[in-house]
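With mmCIF, C-alpha atoms inside, this is model.cif:
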```cif
data_coords
#
loop_
_atom_site.label_atom_id
_atom_site.label_comp_id
_atom_site.auth_asym_id
_atom_site.auth_seq_id
_atom_site.Cartn_x
_atom_site.Cartn_y
_atom_site.Cartn_z
CA MET A 1 10.68 14.50 -12.45
CA GLU A 2 7.53 12.77 -11.21
CA VAL A 3 7.52 9.00 -11.40
CA SER A 4 4.11 7.42 -11.77
CA LEU A 5 3.33 4.09 -10.14
CA PHE A 6 0.76 3.45 -12.83
CA GLY A 7 2.10 4.71 -16.13
CA PRO A 8 0.78 7.51 -18.34
CA GLY A 9 -2.79 8.34 -19.20
CA LEU A 10 -4.63 7.02 -16.12
CA PRO A 11 -7.20 9.11 -14.24
CA SER A 12 -5.86 11.10 -11.29
CA SER A 13 -8.25 9.24 -8.98
CA LEU A 14 -6.09 6.15 -9.45
CA THR A 15 -2.91 7.97 -8.47
CA GLU A 16 -4.36 9.61 -5.36
CA GLY A 17 -1.93 9.59 -2.46
CA VAL A 18 1.28 9.43 -4.51
CA HIS A 19 3.88 11.90 -3.28
CA ALA A 20 5.27 14.43 -5.77
CA GLU A 21 8.39 12.35 -6.33
CA GLY A 22 6.24 9.27 -6.95
CA LEU A 23 7.31 7.49 -3.78
CA LEU A 24 4.47 6.32 -1.57
CA VAL A 25 5.51 5.06 1.85
CA LEU A 26 2.55 4.23 4.07
CA ASP A 27 2.61 4.18 7.86
CA ALA A 28 1.84 0.82 9.51
CA ALA A 29 -1.77 1.65 10.39
CA THR A 30 -2.56 2.68 6.81
CA LEU A 31 -0.54 -0.13 5.23
CA PHE A 32 -2.41 -2.83 7.15
CA ALA A 33 -5.86 -1.21 6.94
CA ALA A 34 -8.37 -2.96 4.72
CA PRO A 35 -8.91 -1.09 1.45
CA ARG A 36 -12.49 0.20 1.31
CA GLY A 37 -13.23 -1.81 4.46
CA MET A 38 -13.01 -5.10 2.56
CA SER A 39 -12.46 -8.36 4.39
CA ASP A 40 -9.39 -10.44 3.47
CA GLU A 41 -11.81 -12.90 1.88
CA ALA A 42 -13.21 -10.22 -0.44
CA LEU A 43 -9.86 -8.57 -1.05
CA LEU A 44 -7.84 -11.70 -1.73
CA SER A 45 -10.18 -13.31 -4.22
CA TRP A 46 -10.52 -13.79 -7.94
CA ASP A 47 -13.49 -11.40 -7.87
CA LEU A 48 -11.47 -8.31 -6.87
CA ASP A 49 -11.53 -5.62 -9.57
CA ILE A 50 -7.93 -4.55 -9.05
CA LEU A 51 -8.11 -1.90 -11.77
CA THR A 52 -10.39 0.19 -9.54
CA LEU A 53 -7.83 0.41 -6.70
CA ASN A 54 -5.78 3.55 -6.13
CA SER A 55 -2.11 3.50 -5.13
CA THR A 56 -2.82 3.30 -1.39
CA GLU A 57 -5.25 0.43 -1.90
CA LEU A 58 -2.73 -1.41 -4.09
CA MET A 59 -0.14 -1.13 -1.31
CA GLN A 60 -2.73 -2.40 1.18
CA THR A 61 -3.59 -5.32 -1.09
CA ALA A 62 0.07 -6.30 -1.37
CA ALA A 63 0.47 -5.97 2.42
CA ALA A 64 -2.59 -8.20 2.96
CA ILE A 65 -1.01 -10.87 0.77
CA PHE A 66 2.25 -10.75 2.70
CA ARG A 67 0.36 -10.83 6.00
CA GLN A 68 -1.93 -13.72 5.01
CA SER A 69 0.96 -15.74 3.63
CA HIS A 70 2.92 -15.39 6.90
CA VAL A 71 5.95 -13.99 5.03
CA LEU A 72 6.23 -11.06 7.43
CA GLN A 73 6.14 -13.26 10.52
CA THR A 74 8.37 -16.00 9.08
CA PHE A 75 11.12 -13.61 8.01
CA GLY A 76 10.67 -10.98 10.74
CA ILE A 77 9.77 -8.21 8.30
CA GLY A 78 8.32 -5.09 9.91
CA ALA A 79 5.71 -2.72 8.52
CA GLU A 80 8.23 0.04 7.77
CA THR A 81 10.47 -2.34 5.82
CA LEU A 82 7.51 -3.68 3.84
CA ALA A 83 6.23 -0.15 3.11
CA HIS A 84 9.65 0.93 1.79
CA PHE A 85 10.01 -2.29 -0.21
CA LEU A 86 6.65 -1.78 -1.93
CA ALA A 87 7.41 1.89 -2.60
CA ALA A 88 10.82 0.99 -4.05
CA ILE A 89 9.23 -1.54 -6.38
CA GLY A 90 6.54 0.91 -7.44
CA THR A 91 8.99 3.65 -8.36
CA ARG A 92 11.16 1.32 -10.44
CA TYR A 93 8.50 0.54 -13.02
CA HIS A 94 8.88 2.39 -16.31
CA ALA A 95 6.12 4.83 -17.30
CA ASN A 96 4.12 2.29 -19.25
CA PRO A 97 0.35 1.92 -19.60
CA TYR A 98 0.46 -1.84 -18.98
CA HIS A 99 3.64 -2.99 -17.21
CA ASN A 100 3.26 -0.74 -14.18
CA PHE A 101 2.73 -1.05 -10.44
CA ASN A 102 -0.96 -1.86 -10.84
CA HIS A 103 -0.03 -4.77 -13.10
CA GLY A 104 2.68 -5.86 -10.64
CA VAL A 105 0.18 -6.06 -7.77
CA HIS A 106 -2.25 -7.87 -10.06
CA VAL A 107 0.45 -10.47 -10.82
CA LEU A 108 1.26 -10.69 -7.11
CA LEU A 109 -2.40 -11.30 -6.26
CA SER A 110 -2.90 -13.87 -9.02
CA SER A 111 0.30 -15.69 -8.10
CA TRP A 112 -0.70 -15.76 -4.43
CA LEU A 113 -4.20 -17.02 -5.20
CA LEU A 114 -2.78 -19.86 -7.30
CA ALA A 115 -0.19 -20.70 -4.65
CA ARG A 116 -2.74 -20.45 -1.83
CA ASP A 117 -5.03 -22.91 -3.59
CA GLU A 118 -2.09 -25.28 -4.06
CA ILE A 119 -1.08 -24.89 -0.42
CA ALA A 120 -4.61 -25.67 0.71
CA ALA A 121 -4.72 -28.72 -1.53
CA SER A 122 -1.39 -30.35 -0.82
CA MET A 123 1.23 -28.38 1.07
CA LYS A 124 2.22 -27.82 4.66
CA ALA A 125 1.74 -24.42 6.28
CA GLU A 126 5.51 -23.86 6.52
CA GLN A 127 5.70 -23.81 2.74
CA ALA A 128 3.26 -20.90 2.47
CA ALA A 129 6.03 -18.34 3.02
CA GLU A 130 8.12 -19.84 0.22
CA GLN A 131 5.16 -19.70 -2.16
CA ALA A 132 4.39 -16.09 -1.25
CA ALA A 133 8.04 -15.11 -1.72
CA ALA A 134 7.89 -16.62 -5.20
CA ALA A 135 4.72 -14.64 -5.88
CA ALA A 136 6.43 -11.44 -4.73
CA SER A 137 9.33 -12.00 -7.09
CA ALA A 138 6.88 -12.51 -9.94
CA ALA A 139 5.40 -9.10 -9.22
CA CYS A 140 8.61 -7.10 -9.29
CA ALA A 141 11.49 -8.84 -10.98
CA SER A 142 10.62 -9.26 -14.65
CA PRO A 143 12.69 -6.93 -16.84
CA PRO A 144 12.10 -4.81 -18.85
CA CYS A 145 9.17 -3.81 -16.63
CA VAL A 146 11.36 -2.33 -13.95
CA ALA A 147 14.14 0.21 -14.25
CA GLU A 148 16.41 -1.63 -11.81
CA PRO A 149 16.46 -5.37 -11.23
CA LEU A 150 15.08 -6.53 -7.90
CA SER A 151 18.53 -7.83 -6.99
CA GLN A 152 19.63 -4.20 -6.55
CA LEU A 153 17.00 -3.57 -3.87
CA HIS A 154 18.29 -3.96 -0.36
CA VAL A 155 15.33 -3.99 1.99
#
```
Could you rewrite the structure in this file as structure tokens?
Amino acid sequence: MEVSLFGPGLPSSLTEGVHAEGLLVLDAATLFAAPRGMSDEALLSWDLDILTLNSTELMQTAAAIFRQSHVLQTFGIGAETLAHFLAAIGTRYHANPYHNFNHGVHVLLSSWLLARDEIAASMKAEQAAEQAAAAASAACASPPCVAEPLSQLHV
């Protein structure tokens, strides 16, 4: 059975790159490449039209957030671990036209942008990782959106 990262009824152009079983695990070079050649400033902004991104670009957007927030460096998380974590989250969403992986990355981006603005205004750099971790949990842990709770993921 194919599991969609996006839910039913979306154009195939949005699901480009998804393996037959629905699990998309990117290599490090692809994961950390800029989607469509966008700068971090353009990608991680309120102006990004996230609904136009395909599955690979969504993974790259999430990776850019984790990279910019220093979560990967702070917790010693490698590219392969992050790629599997993102794929595991994506495959656990129910086939739903709204609460799907695209929505999860949108929540992750919005949460990070709000946290980043707060960090810039009043917080120390060391707290950035904590804020990004909170944003990540917002993107993947809100039942009934996911088939398995995040607490069952061991990454």
Per residue of segment 36-62 of chain A within 9 Å of segment 82-102 of chain A, note the shortest atom pair and the distance in Å to one decimal, counting all atoms listed in the file, and order the rows by chain and increasing residue number, as a Markdown table.
```
| residue | atom | partner | partner_atom | distance |
| --- | --- | --- | --- | --- |
| A:Ile50 | CA | A:Asn102 | CA | 7.7 |
| A:Leu51 | CA | A:Asn102 | CA | 7.2 |
| A:Leu53 | CA | A:Asn102 | CA | 8.3 |
| A:Asn54 | CA | A:Asn102 | CA | 8.6 |
| A:Ser55 | CA | A:Asn102 | CA | 7.9 |
| A:Leu58 | CA | A:Asn102 | CA | 7.0 |
| A:Met59 | CA | A:Leu86 | CA | 6.8 |
| A:Ala62 | CA | A:Leu86 | CA | 8.0 |
```
Using C-alpha atoms, can you export the residues from the last selection as a CSV table (one decimal), in the frame of the given file?
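This went into out-v5.csv:
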```
chain,number,residue,atom,x,y,z
A,50,ILE,CA,-7.9,-4.6,-9.0
A,51,LEU,CA,-8.1,-1.9,-11.8
A,53,LEU,CA,-7.8,0.4,-6.7
A,54,ASN,CA,-5.8,3.6,-6.1
A,55,SER,CA,-2.1,3.5,-5.1
A,58,LEU,CA,-2.7,-1.4,-4.1
A,59,MET,CA,-0.1,-1.1,-1.3
A,62,ALA,CA,0.1,-6.3,-1.4
```
From A:Leu44, A:Val105, A:Ala79, A:Ala63, residue lying nearest Asp117 of chain A [all atoms listed in the file]: A:Leu44
Check which residues satisfy the PyMOL selection byres ((chain A and resi 61) around 12) in the file shown, then give them as a JSON list (two decimals) with C-alpha atoms, keeping the file's coordinate frame.
```
[["chain", "number", "residue", "atom", "x", "y", "z"],
["A", 30, "THR", "CA", -2.56, 2.68, 6.81],
["A", 31, "LEU", "CA", -0.54, -0.13, 5.23],
["A", 32, "PHE", "CA", -2.41, -2.83, 7.15],
["A", 33, "ALA", "CA", -5.86, -1.21, 6.94],
["A", 34, "ALA", "CA", -8.37, -2.96, 4.72],
["A", 35, "PRO", "CA", -8.91, -1.09, 1.45],
["A", 36, "ARG", "CA", -12.49, 0.20, 1.31],
["A", 37, "GLY", "CA", -13.23, -1.81, 4.46],
["A", 38, "MET", "CA", -13.01, -5.10, 2.56],
["A", 39, "SER", "CA", -12.46, -8.36, 4.39],
["A", 40, "ASP", "CA", -9.39, -10.44, 3.47],
["A", 41, "GLU", "CA", -11.81, -12.90, 1.88],
["A", 42, "ALA", "CA", -13.21, -10.22, -0.44],
["A", 43, "LEU", "CA", -9.86, -8.57, -1.05],
["A", 44, "LEU", "CA", -7.84, -11.70, -1.73],
["A", 45, "SER", "CA", -10.18, -13.31, -4.22],
["A", 48, "LEU", "CA", -11.47, -8.31, -6.87],
["A", 49, "ASP", "CA", -11.53, -5.62, -9.57],
["A", 50, "ILE", "CA", -7.93, -4.55, -9.05],
["A", 53, "LEU", "CA", -7.83, 0.41, -6.70],
["A", 54, "ASN", "CA", -5.78, 3.55, -6.13],
["A", 55, "SER", "CA", -2.11, 3.50, -5.13],
["A", 56, "THR", "CA", -2.82, 3.30, -1.39],
["A", 57, "GLU", "CA", -5.25, 0.43, -1.90],
["A", 58, "LEU", "CA", -2.73, -1.41, -4.09],
["A", 59, "MET", "CA", -0.14, -1.13, -1.31],
["A", 60, "GLN", "CA", -2.73, -2.40, 1.18],
["A", 62, "ALA", "CA", 0.07, -6.30, -1.37],
["A", 63, "ALA", "CA", 0.47, -5.97, 2.42],
["A", 64, "ALA", "CA", -2.59, -8.20, 2.96],
["A", 65, "ILE", "CA", -1.01, -10.87, 0.77],
["A", 66, "PHE", "CA", 2.25, -10.75, 2.70],
["A", 67, "ARG", "CA", 0.36, -10.83, 6.00],
["A", 68, "GLN", "CA", -1.93, -13.72, 5.01],
["A", 83, "ALA", "CA", 6.23, -0.15, 3.11],
["A", 86, "LEU", "CA", 6.65, -1.78, -1.93],
["A", 102, "ASN", "CA", -0.96, -1.86, -10.84],
["A", 104, "GLY", "CA", 2.68, -5.86, -10.64],
["A", 105, "VAL", "CA", 0.18, -6.06, -7.77],
["A", 106, "HIS", "CA", -2.25, -7.87, -10.06],
["A", 107, "VAL", "CA", 0.45, -10.47, -10.82],
["A", 108, "LEU", "CA", 1.26, -10.69, -7.11],
["A", 109, "LEU", "CA", -2.40, -11.30, -6.26],
["A", 110, "SER", "CA", -2.90, -13.87, -9.02],
["A", 112, "TRP", "CA", -0.70, -15.76, -4.43]]
```
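Pairwise distance (atom CA of Thr74 of chain A, atom CA of Glu130 of chain A) equals 9.7 Å.
For the pair atom CA of Asp47 of chain A and atom CA of Leu72 of chain A, the interatomic distance is 25.0 Å.
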Enter the distance from atom CA of Leu113 of chain A to atom CA of Ala29 of chain A, in Å, rounded to one decimal. 24.4 Å
